[in-house]
Amino acid sequence: MTDYQAEVAAALLKIEAVKLQPTAPFTWASGILSPIYTDNRKTISFPAVRRLIAQGLAALIKREYPDVQVIGGVATAGIPHAAWVADVLDLPMVYVRSKPKDHGAGQQIEGVVLPGQKIVLIDDLISTGGSVLGAVKATRAAGAEVLGVSAIFSYELPAATQNFGEAQTPFNALTNYTTLLTVAQQTGTIQASDLATLQEWRQDPQAWQPNN
């Protein structure tokens with residue numbers, strides 16, 4: 001855990017972009033019970049937090065993908081962060097729709113990305129990677145070279161590692177589930193007794209059940 005990872009995790013907890021409820025779990029749209037709920041869209045309403053994220057993502061991208069030529073935002077939550085990062089790096093920006101438009105030119109990528117250009121896609125969250133990898137596929141189909149995916153937060157789920165590996169796409173995040181739990185315990189957001197159940201969820205979300 002780096003200081004920056006901890007700072008971002010603390011900021012997400014403070015503005016309640018991330019909530020932890022190990023004994024009163026949330027139900028995701030997929031039906032999975034989860035002790036964590038993440039809504040990183042909230043970050044856009046907090047200037048200090050969004051600057052922290054933009055600067056962190058820009059630094060991460062410069063370090064991991066120095067040849068990047070275009071910044072891409074994944075619709076919809078990745079779009080504002082991609083815009084801020086593109087501004088920091090003084091690079092062109094595009095965004096990728098979840099599916100092509102059903103009218104006009106039927107575009108899925110808005111903005112200009114040329115065949116062969118090197119692009120990094122930004123999303124707010126990595127869970128299993130399904131949605132962002134759809135954007136990766138669309139961007140590659142347009143002829144661009146996807147260097148990788150960067151996000152604000154990663155659940156560190158085994159499924160994501162498998163899915164990104166199969167798609168041959170590197171990915172990274174400013175902060176992650178492990179760091180979040182450490183910071184949450186340090187700040188009193190959760191108790192030490194909650195750690196085991198929170199860690200069990202990450203290993204197998206579909207089979208996890210809360211310990212009431």
# chains A, B, ... in the order shown; residues from 1 in each chain; ligands from 1
$ select_by_dssp --residues "chain A" --states "helix (DSSP H, G or I)" --output "count of residues only"
90
$ select_by_dssp --residues "segment 117-146 of chain A" --states "strand (DSSP E or B)" --output "ChimeraX atom specification"
/A:118-126,145-146
$ write_last_selection --atoms "N, CA, C and O atoms" --output "short mmCIF file (atom, residue, chain, number, x, y, z; two decimals), in the first residue's frame"
data_model
loop_
_atom_site.label_atom_id
_atom_site.label_comp_id
_atom_site.auth_asym_id
_atom_site.auth_seq_id
_atom_site.Cartn_x
_atom_site.Cartn_y
_atom_site.Cartn_z
N LYS A 118 -2.17 5.04 -30.04
CA LYS A 118 -2.08 4.33 -28.75
C LYS A 118 -2.97 5.03 -27.73
O LYS A 118 -2.82 6.23 -27.48
N ILE A 119 -3.89 4.27 -27.15
CA ILE A 119 -4.89 4.84 -26.26
C ILE A 119 -4.93 4.10 -24.93
O ILE A 119 -4.70 2.89 -24.86
N VAL A 120 -5.20 4.84 -23.85
CA VAL A 120 -5.48 4.26 -22.53
C VAL A 120 -6.91 4.60 -22.19
O VAL A 120 -7.33 5.76 -22.31
N LEU A 121 -7.69 3.60 -21.80
CA LEU A 121 -9.08 3.81 -21.41
C LEU A 121 -9.20 3.99 -19.91
O LEU A 121 -8.52 3.29 -19.13
N ILE A 122 -10.06 4.90 -19.51
CA ILE A 122 -10.27 5.19 -18.09
C ILE A 122 -11.70 4.86 -17.70
O ILE A 122 -12.65 5.26 -18.39
N ASP A 123 -11.86 4.15 -16.60
CA ASP A 123 -13.17 3.87 -16.02
C ASP A 123 -13.11 4.20 -14.54
O ASP A 123 -12.03 4.37 -13.98
N ASP A 124 -14.27 4.28 -13.90
CA ASP A 124 -14.26 4.64 -12.48
C ASP A 124 -14.00 3.44 -11.59
O ASP A 124 -13.53 3.59 -10.46
N LEU A 125 -14.30 2.23 -12.09
CA LEU A 125 -14.31 1.05 -11.23
C LEU A 125 -14.02 -0.20 -12.04
O LEU A 125 -14.51 -0.35 -13.16
N ILE A 126 -13.23 -1.11 -11.47
CA ILE A 126 -13.03 -2.42 -12.07
C ILE A 126 -13.59 -3.48 -11.12
O ILE A 126 -13.11 -3.62 -10.00
N GLU A 145 -4.73 1.14 -30.90
CA GLU A 145 -3.97 0.19 -30.07
C GLU A 145 -4.24 0.52 -28.60
O GLU A 145 -3.82 1.57 -28.11
N VAL A 146 -4.94 -0.36 -27.91
CA VAL A 146 -5.25 -0.14 -26.50
C VAL A 146 -4.06 -0.59 -25.66
O VAL A 146 -3.76 -1.79 -25.58
#
$ closest_residue --among "A:Leu198, A:Val96, A:Ala173, A:Ala24" --to "Thr76 of chain A" --atoms "only C-alpha atoms"
A:Val96
$ closest_residue --among "A:Leu52, A:Met93, A:Leu133, A:Leu12" --to "Thr38 of chain A" --atoms "only C-alpha atoms"
A:Leu12
$ residues_around --residues "Gly134 of chain A" --least-positions-apart "5" --cutoff "9 Å" --atoms "only C-alpha atoms" --output "ChimeraX atom specification"
/A:98-99,129,139
$ write_last_selection --atoms "C-alpha atoms" --output "mmCIF file, in the first residue's frame"
data_model
loop_
_atom_site.group_PDB
_atom_site.id
_atom_site.type_symbol
_atom_site.label_atom_id
_atom_site.label_comp_id
_atom_site.auth_asym_id
_atom_site.auth_seq_id
_atom_site.Cartn_x
_atom_site.Cartn_y
_atom_site.Cartn_z
ATOM 1 C CA SER A 98 -21.609 1.023 -24.288
ATOM 2 C CA LYS A 99 -23.034 0.303 -27.749
ATOM 3 C CA GLY A 129 -13.985 -6.079 -16.171
ATOM 4 C CA THR A 139 -11.692 0.611 -29.583
#
$ residues_around --residues "Ile71 of chain A" --least-positions-apart "3" --cutoff "10 Å" --atoms "only C-alpha atoms" --output "ChimeraX atom specification"
/A:58,61,68,79,81-87,89-95,113,118-122
$ write_last_selection --atoms "C-alpha atoms" --output "mmCIF file, in the first residue's frame"
data_model
loop_
_atom_site.group_PDB
_atom_site.id
_atom_site.type_symbol
_atom_site.label_atom_id
_atom_site.label_comp_id
_atom_site.auth_asym_id
_atom_site.auth_seq_id
_atom_site.Cartn_x
_atom_site.Cartn_y
_atom_site.Cartn_z
ATOM 1 C CA ALA A 58 -2.229 11.137 -15.022
ATOM 2 C CA ILE A 61 -0.577 6.610 -17.017
ATOM 3 C CA VAL A 68 0.029 7.008 -24.830
ATOM 4 C CA ILE A 79 -15.927 10.198 -19.149
ATOM 5 C CA HIS A 81 -12.211 11.644 -15.322
ATOM 6 C CA ALA A 82 -10.850 10.992 -18.797
ATOM 7 C CA ALA A 83 -11.490 14.641 -19.672
ATOM 8 C CA TRP A 84 -9.585 15.887 -16.622
ATOM 9 C CA VAL A 85 -6.705 13.473 -17.200
ATOM 10 C CA ALA A 86 -6.486 14.407 -20.875
ATOM 11 C CA ASP A 87 -6.289 18.053 -19.801
ATOM 12 C CA LEU A 89 -1.529 15.392 -19.927
ATOM 13 C CA ASP A 90 -2.455 17.772 -22.775
ATOM 14 C CA LEU A 91 -3.642 14.861 -24.913
ATOM 15 C CA PRO A 92 -6.647 14.287 -27.193
ATOM 16 C CA MET A 93 -9.662 12.659 -25.544
ATOM 17 C CA VAL A 94 -12.458 10.426 -26.818
ATOM 18 C CA TYR A 95 -15.184 8.455 -25.130
ATOM 19 C CA VAL A 113 -8.973 8.388 -32.679
ATOM 20 C CA LYS A 118 -2.076 4.332 -28.754
ATOM 21 C CA ILE A 119 -4.891 4.842 -26.258
ATOM 22 C CA VAL A 120 -5.477 4.259 -22.535
ATOM 23 C CA LEU A 121 -9.080 3.809 -21.413
ATOM 24 C CA ILE A 122 -10.268 5.190 -18.087
#
$ residues_around --residues "segment 29-36 of chain A" --least-positions-apart "3" --cutoff "8 Å" --atoms "only C-alpha atoms" --output "VMD selection string"
chain A and resid 18 to 26 198 201 205 to 206 208 to 210
$ residues_around --residues "Phe171 of chain A" --least-positions-apart "6" --cutoff "7 Å" --atoms "only C-alpha atoms" --output "list of chain:residue names"
A:Gly148, A:Val149, A:Ser150
$ write_last_selection --atoms "N, CA, C and O atoms" --output "PDB file, in the first residue's frame"
ATOM      1  N   GLY A 148      -3.801  -0.136 -22.348  1.00  0.00           N
ATOM      2  CA  GLY A 148      -4.268  -0.665 -21.075  1.00  0.00           C
ATOM      3  C   GLY A 148      -5.469   0.109 -20.563  1.00  0.00           C
ATOM      4  O   GLY A 148      -5.973   1.028 -21.221  1.00  0.00           O
ATOM      5  N   VAL A 149      -5.923  -0.269 -19.374  1.00  0.00           N
ATOM      6  CA  VAL A 149      -7.066   0.346 -18.710  1.00  0.00           C
ATOM      7  C   VAL A 149      -6.628   0.839 -17.341  1.00  0.00           C
ATOM      8  O   VAL A 149      -5.925   0.128 -16.606  1.00  0.00           O
ATOM      9  N   SER A 150      -7.043   2.050 -16.998  1.00  0.00           N
ATOM     10  CA  SER A 150      -6.776   2.598 -15.665  1.00  0.00           C
ATOM     11  C   SER A 150      -8.095   3.001 -15.022  1.00  0.00           C
ATOM     12  O   SER A 150      -9.000   3.482 -15.710  1.00  0.00           O
TER      13      SER A 150
END
$ closest_residue --among "A:Asn163, A:Asn40, A:Gln117, A:Thr2" --to "Ile15 of chain A" --atoms "only C-alpha atoms"
A:Asn40
$ closest_residue --among "A:Pro115, A:Gly78, A:Gly56, A:Pro170" --to "Ala144 of chain A" --atoms "only C-alpha atoms"
A:Pro115
